[in-house]
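J.: Starting off with a structure, shown below.
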Amino acid sequence: MANTEKEAREEILALVADYCQTWHLDNKKKYEVGDRIPYASRVYDADEMVNLVDSALEFWLTSGRYTDEFEKNLAQYLGVRFCSLVNSGSSANLAAFMALTSPLLGERQVRRGDEVITVAAGFPTTVTPMIQYGAVPVFVDVTIPQYNIDVTQLEAALSEKTKAVMIAHTLGNPFDLGAVKDFCDRHRLWLIEDNCDALGSRYCLDGKEQLTGTIGDIGTSSFYPPHHMTTGEGGAVYTNDPLLHKIIRSLRDWGRDCSCPSGHDNLCGHRFDRQYGELPLGYDHKYVYSHFGYNLKATDLQAAIGCAQLRKFPAFVERRRHNFDRLYAALSDTQDQLILPEACPGSRPSWFGFLITCKEGTDRSKVVPYIENKGIQTRMLFAGNLTRHPCFDQMRATGSGYRVIGDLAVTDRIMRDTFWVGLYPGMTDTMIDEMARVIHETIR
């Protein structure tokens with residue numbers, strides 16, 4: 001029987017570690033050929049569970065010491081100055097885009113009616129914040145087999161209303177950051193890298209290899225369980241710009257002007273002696289709002305899991321690359337019927353998934369059900385073509401609210417012919433080989 005709180009906590013955490021090892025790891029059914037192969041899964045051990053319970057025993061619940069540790073360590077890994085943990089990757093995209101609408105940015109503020117260049121072949125929450133705010137997404141086509149923005153269309157997408165570019169690195173494959181960054185620099189546009197599917201990917205710019213998400217003005221990540229690492233729900237926004245960081249924190253924390261962390265008051269020493277707007281002199285700074293913000297904070301329980309995941313993360317990236325290389329080699333003889341993915345030149349992707357496009361004569365509507373019936377989970381490239389979804393019905397009917405460059409022919413082809421399978425770091429070589437065998441069998 002423990003005599004002190006410290007001894008009690010150590011005893012509980014030792015039991016948690018033993019429980020995880022026994023019931024989550026040792027007794028976990030090992031994969032056998034014929035078992036279902038998911039496209040993604042959590043990869044964890046006792047470290048995550050111990051951290052989670054350690055945080056729960058403190059019962060702080062909202063952001064606290066684990067959040068501080070996670071934000072510091074993720075920023076250090078990325079090589080950026082500022083990182084803010086949020087409750088999802090979609091919230092990260094919301095905070096990132098809305099940061100560009102802040103009046104603090106002066107003439108560079110994105111206003112309603114301004115345009116943002118993006119793509120339709122992706123996940124909706126890259127685009128949703130623009131539409132909800134009243135900005136105009138301008139959709140550019142993509143290319144196969146990289147599945148990223150067709151940079152030859154950037155100049156055609158530009159108008160006097162263009163203020164930003166916001167696009168994702170597709171399934172871990174970096175878009176052409178050299179061309180996009182140059183375009184943004186020449187036209188003084190903001191660049192948001194949706195890095196939710198690409199944490200750990202690298203791109204060589206001006207002879208220097210950098211992590212994706214750190215080259216634009218703002219980067220975002222998601223830590224939903226299928227992603228490169230997980231906190232359960234969760235995401236992050238990161239930047240090197242102090243002003244953007246200040247705005248992001250304000251938007252995340254209800255829009256408040258005060259930057260005191262939860263549980264702390266008056267760190268600046270001026271809580272009751274300043275004038276803000278038309279408020280009475282000395283109005284409590286903790287309740288002064290400089291933005292129309294949200295509560296996008298994550299909990300310390302999520303951050304506790306993330307701290308353990310971050311320590312494993314470099315190994316996760318290397319395993320994803322290994323899995324990609326093995327599957328690519330195994331499918332290299334199928335290229336008369338299938339288009340296999342290619343990395344952007346000058347990049348080292350941290351692959352999220354393995355994209356496959358069916359060539360003419362190979363019918364995805366037959367290939368995918370066959371693969372699924374054999375126990376291999378598949379996914380589409382998210383929206384395929386977002387502009388063809390019901391959420392766009394009203395905008396299509398009125399012909400307003402967005403612009404399209406060209407006819408998005410490649411995007412439509414992806415919608416019809418493309419799917420992907422997983423590469424998560426818990427996959428064994430046996431699982432990769434079985435996926436390849438089934439895909440071969442499918443197109444025979």
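By convention in this document, the chains of the structure tokens carry letters A, B, ... by their order, each chain's residues are numbered from 1, and ligands are numbered from 1 in the order they are shown.
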Name the residues in contact with Thr212 in chain A at a cut-off of 8 Å, using only C-alpha atoms, excluding same-chain residues fewer than 6 positions from it; report them as a CSV table (one decimal) with N, CA, C and O atoms, in the first residue's frame.
T.:
chain,number,residue,atom,x,y,z
A,174,PRO,N,4.8,16.0,-51.3
A,174,PRO,CA,4.8,17.4,-51.4
A,174,PRO,C,4.4,18.0,-52.8
A,174,PRO,O,4.8,17.4,-53.8
A,193,GLU,N,0.4,25.9,-46.0
A,193,GLU,CA,0.6,24.5,-46.4
A,193,GLU,C,-0.3,23.6,-45.5
A,193,GLU,O,-0.1,23.5,-44.3
A,195,ASN,N,-0.6,20.5,-44.1
A,195,ASN,CA,0.4,19.5,-44.0
A,195,ASN,C,-0.2,18.3,-43.2
A,195,ASN,O,0.5,17.4,-42.7
A,198,ALA,N,1.0,15.0,-44.4
A,198,ALA,CA,2.4,14.9,-44.8
A,198,ALA,C,3.4,15.2,-43.8
A,198,ALA,O,4.6,15.5,-44.1
A,199,LEU,N,3.0,15.1,-42.5
A,199,LEU,CA,4.0,15.4,-41.5
A,199,LEU,C,5.2,14.5,-41.6
A,199,LEU,O,5.1,13.3,-41.8
A,200,GLY,N,6.4,15.1,-41.6
A,200,GLY,CA,7.7,14.3,-41.8
A,200,GLY,C,8.2,14.3,-43.3
A,200,GLY,O,9.3,13.9,-43.5
A,201,SER,N,7.4,14.8,-44.2
A,201,SER,CA,7.8,14.9,-45.6
A,201,SER,C,8.9,16.1,-45.7
A,201,SER,O,8.8,17.1,-45.0
A,202,ARG,N,9.8,15.9,-46.7
A,202,ARG,CA,10.8,16.9,-46.9
A,202,ARG,C,10.9,17.4,-48.3
A,202,ARG,O,10.6,16.6,-49.2
A,203,TYR,N,11.3,18.6,-48.5
A,203,TYR,CA,11.4,19.2,-49.8
A,203,TYR,C,12.7,20.0,-49.8
A,203,TYR,O,13.0,20.8,-48.9
A,219,GLY,N,1.7,26.4,-41.5
A,219,GLY,CA,1.5,25.0,-41.7
A,219,GLY,C,0.5,24.4,-40.8
A,219,GLY,O,0.4,24.9,-39.6
J.: If we count only C-alpha atoms and set the cut-off at 9 Å, which residues sit around Tyr147 in chain A, ignoring sequence neighbours fewer than 2 positions away in its own chain? Please answer as a list in words.
T.: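 Counting only C-alpha atoms, the residues come to Ala121, Val142, Thr143, Ile144, Pro145, Ile149, Asp150, His169, Thr170, Leu171, Asn173, Phe175, Pro341, Glu342, Leu355, Thr411 and Ile414 of chain A.
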J.: Check which residues of range 132-210 of chain A sit at most 8 Å from range 77-96 of chain A using only C-alpha atoms, and return one row each with the closest pair of atoms and their distance in Å to one decimal, ordered by chain and rising number, as a Markdown table.
T.:
| residue | atom | partner | partner_atom | distance |
| --- | --- | --- | --- | --- |
| A:Ile192 | CA | A:Ala96 | CA | 7.2 |
| A:Asp194 | CA | A:Asn93 | CA | 7.1 |
| A:Cys196 | CA | A:Gly89 | CA | 6.4 |
J.: Measure the distance from CA of Leu191 in chain A to CA of Gly216 in chain A in Å and round it to one decimal.
T.: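 Atom-to-atom, CA of Leu191 in chain A to CA of Gly216 in chain A, that is 4.9 Å.
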J.: Within 12 Å of Ala397 in chain A, counting only C-alpha atoms, which residues show up once you throw out same-chain ones fewer than 5 positions away? Write them as a PyMOL selection string, please.
T.: chain A and resi 387-388+390-392+402
J.: For range 41-47 of chain A, find every residue with an atom within 7 Å (counting only C-alpha atoms), except residues of its own chain fewer than 5 positions away, and show them as an mmCIF file with all heavy atoms, in the first residue's frame.
T.:
data_model
loop_
_atom_site.group_PDB
_atom_site.id
_atom_site.type_symbol
_atom_site.label_atom_id
_atom_site.label_comp_id
_atom_site.auth_asym_id
_atom_site.auth_seq_id
_atom_site.Cartn_x
_atom_site.Cartn_y
_atom_site.Cartn_z
ATOM 1 N N ALA A 17 1.274 0.355 -17.279
ATOM 2 C CA ALA A 17 2.259 -0.143 -18.243
ATOM 3 C C ALA A 17 2.143 -1.650 -18.409
ATOM 4 O O ALA A 17 2.187 -2.173 -19.536
ATOM 5 C CB ALA A 17 3.674 0.238 -17.796
ATOM 6 N N CYS A 20 -1.104 -2.462 -20.374
ATOM 7 C CA CYS A 20 -0.952 -2.202 -21.806
ATOM 8 C C CYS A 20 -0.132 -3.298 -22.470
ATOM 9 O O CYS A 20 -0.494 -3.799 -23.541
ATOM 10 C CB CYS A 20 -0.307 -0.836 -22.033
ATOM 11 S SG CYS A 20 -0.128 -0.405 -23.775
ATOM 12 N N GLN A 21 0.982 -3.656 -21.845
ATOM 13 C CA GLN A 21 1.839 -4.681 -22.418
ATOM 14 C C GLN A 21 1.101 -6.007 -22.546
ATOM 15 O O GLN A 21 1.169 -6.681 -23.577
ATOM 16 C CB GLN A 21 3.087 -4.858 -21.553
ATOM 17 C CG GLN A 21 4.125 -5.804 -22.149
ATOM 18 C CD GLN A 21 4.702 -5.290 -23.457
ATOM 19 O OE1 GLN A 21 5.051 -4.113 -23.575
ATOM 20 N NE2 GLN A 21 4.790 -6.160 -24.461
ATOM 21 N N PRO A 225 -6.496 9.532 -35.524
ATOM 22 C CA PRO A 225 -5.794 8.234 -35.473
ATOM 23 C C PRO A 225 -5.186 7.718 -36.773
ATOM 24 O O PRO A 225 -4.090 7.151 -36.743
ATOM 25 C CB PRO A 225 -6.868 7.291 -34.929
ATOM 26 C CG PRO A 225 -7.656 8.159 -34.007
ATOM 27 C CD PRO A 225 -7.732 9.492 -34.700
ATOM 28 N N PRO A 226 -5.819 7.890 -37.965
ATOM 29 C CA PRO A 226 -5.168 7.364 -39.172
ATOM 30 C C PRO A 226 -3.914 8.123 -39.609
ATOM 31 O O PRO A 226 -3.178 7.633 -40.471
ATOM 32 C CB PRO A 226 -6.262 7.494 -40.245
ATOM 33 C CG PRO A 226 -7.539 7.578 -39.499
ATOM 34 C CD PRO A 226 -7.198 8.317 -38.243
ATOM 35 N N ALA A 308 4.316 11.216 -26.226
ATOM 36 C CA ALA A 308 4.887 9.882 -26.409
ATOM 37 C C ALA A 308 5.006 9.534 -27.884
ATOM 38 O O ALA A 308 5.995 8.926 -28.318
ATOM 39 C CB ALA A 308 4.033 8.850 -25.677
ATOM 40 N N TYR A 424 0.562 2.486 -43.290
ATOM 41 C CA TYR A 424 0.835 2.907 -41.918
ATOM 42 C C TYR A 424 1.970 2.085 -41.297
ATOM 43 O O TYR A 424 2.231 0.947 -41.709
ATOM 44 C CB TYR A 424 -0.437 2.855 -41.073
ATOM 45 C CG TYR A 424 -0.929 1.484 -40.677
ATOM 46 C CD1 TYR A 424 -0.578 0.932 -39.450
ATOM 47 C CD2 TYR A 424 -1.774 0.757 -41.515
ATOM 48 C CE1 TYR A 424 -1.045 -0.323 -39.076
ATOM 49 C CE2 TYR A 424 -2.246 -0.490 -41.142
ATOM 50 C CZ TYR A 424 -1.878 -1.023 -39.922
ATOM 51 O OH TYR A 424 -2.337 -2.270 -39.553
ATOM 52 N N GLY A 426 2.467 0.355 -38.752
ATOM 53 C CA GLY A 426 2.221 -0.950 -38.153
ATOM 54 C C GLY A 426 2.104 -2.069 -39.160
ATOM 55 O O GLY A 426 1.983 -3.241 -38.781
#
J.: So that I can check the surroundings of Phe316 in chain A, please list as a PyMOL selection string every protein, DNA and RNA residue that reaches within 12 Å of it, counting only C-alpha atoms and ignoring chain neighbours fewer than 3 positions away.
T.: chain A and resi 42-44+199-201+227-230+309-313+319-323+350-352+423-427
J.: Per residue of range 154-226 of chain A within 9 Å of range 238-242 of chain A, note the shortest atom pair and the distance in Å to one decimal, counting only C-alpha atoms, and order the rows by chain and increasing residue number, as a Markdown table.
T.:
| residue | atom | partner | partner_atom | distance |
| --- | --- | --- | --- | --- |
| A:Gly213 | CA | A:Tyr238 | CA | 7.8 |
| A:Thr214 | CA | A:Thr239 | CA | 6.9 |
| A:Gly216 | CA | A:Thr239 | CA | 8.2 |
| A:Asp217 | CA | A:Thr239 | CA | 6.2 |
| A:Ile218 | CA | A:Thr239 | CA | 4.9 |
| A:Gly219 | CA | A:Tyr238 | CA | 5.3 |
| A:Thr220 | CA | A:Tyr238 | CA | 6.4 |
| A:Ser221 | CA | A:Tyr238 | CA | 8.6 |
J.: Restrict the selected residues to N, CA and C atoms and save them as a tab-separated table (two decimals), in the first residue's frame.
T.:
chain	number	residue	atom	x	y	z
A	213	GLY	N	5.36	22.11	-44.50
A	213	GLY	CA	4.63	22.82	-43.46
A	213	GLY	C	5.40	23.98	-42.89
A	214	THR	N	6.70	24.05	-43.18
A	214	THR	CA	7.55	25.10	-42.61
A	214	THR	C	8.04	26.10	-43.66
A	216	GLY	N	5.93	27.63	-46.19
A	216	GLY	CA	4.94	28.69	-46.34
A	216	GLY	C	4.86	29.56	-45.10
A	217	ASP	N	3.86	30.43	-45.07
A	217	ASP	CA	3.67	31.32	-43.92
A	217	ASP	C	3.11	30.58	-42.73
A	218	ILE	N	2.24	29.60	-42.98
A	218	ILE	CA	1.61	28.82	-41.92
A	218	ILE	C	1.52	27.37	-42.38
A	219	GLY	N	1.74	26.43	-41.47
A	219	GLY	CA	1.53	25.01	-41.74
A	219	GLY	C	0.53	24.43	-40.75
A	220	THR	N	-0.16	23.38	-41.18
A	220	THR	CA	-1.14	22.73	-40.30
A	220	THR	C	-0.93	21.23	-40.28
A	221	SER	N	-1.28	20.60	-39.16
A	221	SER	CA	-1.20	19.14	-39.03
A	221	SER	C	-2.46	18.60	-38.39
J.: Between A:Ser102, A:Met435, A:Leu74, A:Asp35, which residue has the minimum interatomic distance to Pro314 in chain A, considering only C-alpha atoms?
T.: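 Using only C-alpha atoms, Pro314 in chain A sits closest to A:Leu74.
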J.: Hey, which of A:Leu267, A:Ala156, A:Ile439, A:Leu211 ends up closest to Leu331 in chain A? Count only C-alpha atoms.
T.: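 Closest residue, counting only C-alpha atoms: A:Ile439.
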J.: Run DSSP on the backbone and tell me which residues of range 252-443 of chain A come out as strand (DSSP E); list them as a VMD selection string.
T.: chain A and resid 338 to 339 347 to 348 353 to 358 403 to 404 418 to 422
J.: Dump N, CA and C atoms for the selected residues as a PDB file, in the first residue's frame?
T.:
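part01.pdb written:
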ATOM      1  N   LEU A 338      -2.161   0.025 -64.432  1.00  0.00           N
ATOM      2  CA  LEU A 338      -2.301   0.940 -63.310  1.00  0.00           C
ATOM      3  C   LEU A 338      -1.229   2.021 -63.361  1.00  0.00           C
ATOM      4  N   ILE A 339      -1.586   3.240 -62.953  1.00  0.00           N
ATOM      5  CA  ILE A 339      -0.617   4.314 -62.791  1.00  0.00           C
ATOM      6  C   ILE A 339      -0.210   4.349 -61.327  1.00  0.00           C
ATOM      7  N   SER A 347      11.894  15.970 -53.524  1.00  0.00           N
ATOM      8  CA  SER A 347      11.225  15.731 -52.246  1.00  0.00           C
ATOM      9  C   SER A 347      11.535  14.343 -51.706  1.00  0.00           C
ATOM     10  N   ARG A 348      11.312  14.179 -50.395  1.00  0.00           N
ATOM     11  CA  ARG A 348      11.338  12.865 -49.742  1.00  0.00           C
ATOM     12  C   ARG A 348      10.044  12.736 -48.959  1.00  0.00           C
ATOM     13  N   GLY A 353      -0.416   7.377 -47.906  1.00  0.00           N
ATOM     14  CA  GLY A 353      -1.068   6.274 -48.599  1.00  0.00           C
ATOM     15  C   GLY A 353      -0.455   6.071 -49.973  1.00  0.00           C
ATOM     16  N   PHE A 354      -0.882   4.990 -50.629  1.00  0.00           N
ATOM     17  CA  PHE A 354      -0.344   4.604 -51.934  1.00  0.00           C
ATOM     18  C   PHE A 354      -1.452   4.774 -52.962  1.00  0.00           C
ATOM     19  N   LEU A 355      -1.361   5.852 -53.754  1.00  0.00           N
ATOM     20  CA  LEU A 355      -2.389   6.179 -54.739  1.00  0.00           C
ATOM     21  C   LEU A 355      -2.215   5.365 -56.015  1.00  0.00           C
ATOM     22  N   ILE A 356      -3.331   4.886 -56.530  1.00  0.00           N
ATOM     23  CA  ILE A 356      -3.346   4.078 -57.751  1.00  0.00           C
ATOM     24  C   ILE A 356      -4.452   4.607 -58.661  1.00  0.00           C
ATOM     25  N   THR A 357      -4.121   4.849 -59.920  1.00  0.00           N
ATOM     26  CA  THR A 357      -5.118   5.256 -60.903  1.00  0.00           C
ATOM     27  C   THR A 357      -5.246   4.169 -61.972  1.00  0.00           C
ATOM     28  N   CYS A 358      -6.464   3.774 -62.225  1.00  0.00           N
ATOM     29  CA  CYS A 358      -6.721   2.740 -63.229  1.00  0.00           C
ATOM     30  C   CYS A 358      -6.621   3.341 -64.626  1.00  0.00           C
ATOM     31  N   ARG A 403     -14.493  30.044 -58.284  1.00  0.00           N
ATOM     32  CA  ARG A 403     -14.076  30.052 -59.689  1.00  0.00           C
ATOM     33  C   ARG A 403     -13.339  28.761 -59.998  1.00  0.00           C
ATOM     34  N   VAL A 404     -13.392  28.338 -61.241  1.00  0.00           N
ATOM     35  CA  VAL A 404     -12.674  27.158 -61.705  1.00  0.00           C
ATOM     36  C   VAL A 404     -11.802  27.556 -62.886  1.00  0.00           C
ATOM     37  N   THR A 418      -9.334   6.760 -59.478  1.00  0.00           N
ATOM     38  CA  THR A 418      -8.251   6.673 -58.506  1.00  0.00           C
ATOM     39  C   THR A 418      -8.745   6.158 -57.157  1.00  0.00           C
ATOM     40  N   PHE A 419      -7.880   5.385 -56.484  1.00  0.00           N
ATOM     41  CA  PHE A 419      -8.119   4.947 -55.113  1.00  0.00           C
ATOM     42  C   PHE A 419      -6.764   4.778 -54.444  1.00  0.00           C
ATOM     43  N   TRP A 420      -6.789   4.490 -53.137  1.00  0.00           N
ATOM     44  CA  TRP A 420      -5.507   4.254 -52.468  1.00  0.00           C
ATOM     45  C   TRP A 420      -5.631   3.229 -51.361  1.00  0.00           C
ATOM     46  N   VAL A 421      -4.472   2.652 -51.041  1.00  0.00           N
ATOM     47  CA  VAL A 421      -4.363   1.706 -49.934  1.00  0.00           C
ATOM     48  C   VAL A 421      -3.328   2.251 -48.953  1.00  0.00           C
ATOM     49  N   GLY A 422      -3.335   1.686 -47.745  1.00  0.00           N
ATOM     50  CA  GLY A 422      -2.544   2.265 -46.672  1.00  0.00           C
ATOM     51  C   GLY A 422      -1.087   1.847 -46.652  1.00  0.00           C
TER      52      GLY A 422
END
J.: Which value, in Å to one decimal, gives the distance between CA of Ser159 in chain A and CA of Ala120 in chain A?
T.: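 Between CA of Ser159 in chain A and CA of Ala120 in chain A the gap is 18.6 Å.
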J.: Enter the distance from CA of Leu243 in chain A to CA of Asn266 in chain A, in Å, rounded to one decimal.
T.: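 Straight-line distance from CA of Leu243 in chain A to CA of Asn266 in chain A works out to 20.7 Å.
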J.: Once DSSP has gone over the backbone, tell me which residues of range 210-366 of chain A are in alpha helix (DSSP H), as a PyMOL selection string.
T.: chain A and resi 242-252+300-331+364-366
J.: Extract, using only C-alpha atoms, all DNA, RNA and protein residues at most 8 Å from Ile215 in chain A, discarding same-chain residues fewer than 5 positions from it, and format them as a list in words.
T.: Leu177, Lys181, Glu193 and Gln210 of chain A
J.: Using only C-alpha atoms for the distances, tell me which of A:Thr442, A:Leu244, A:Tyr133, A:Gly269 is nearest to Leu105 in chain A.
T.: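 Using only C-alpha atoms, Leu105 in chain A sits closest to A:Leu244.
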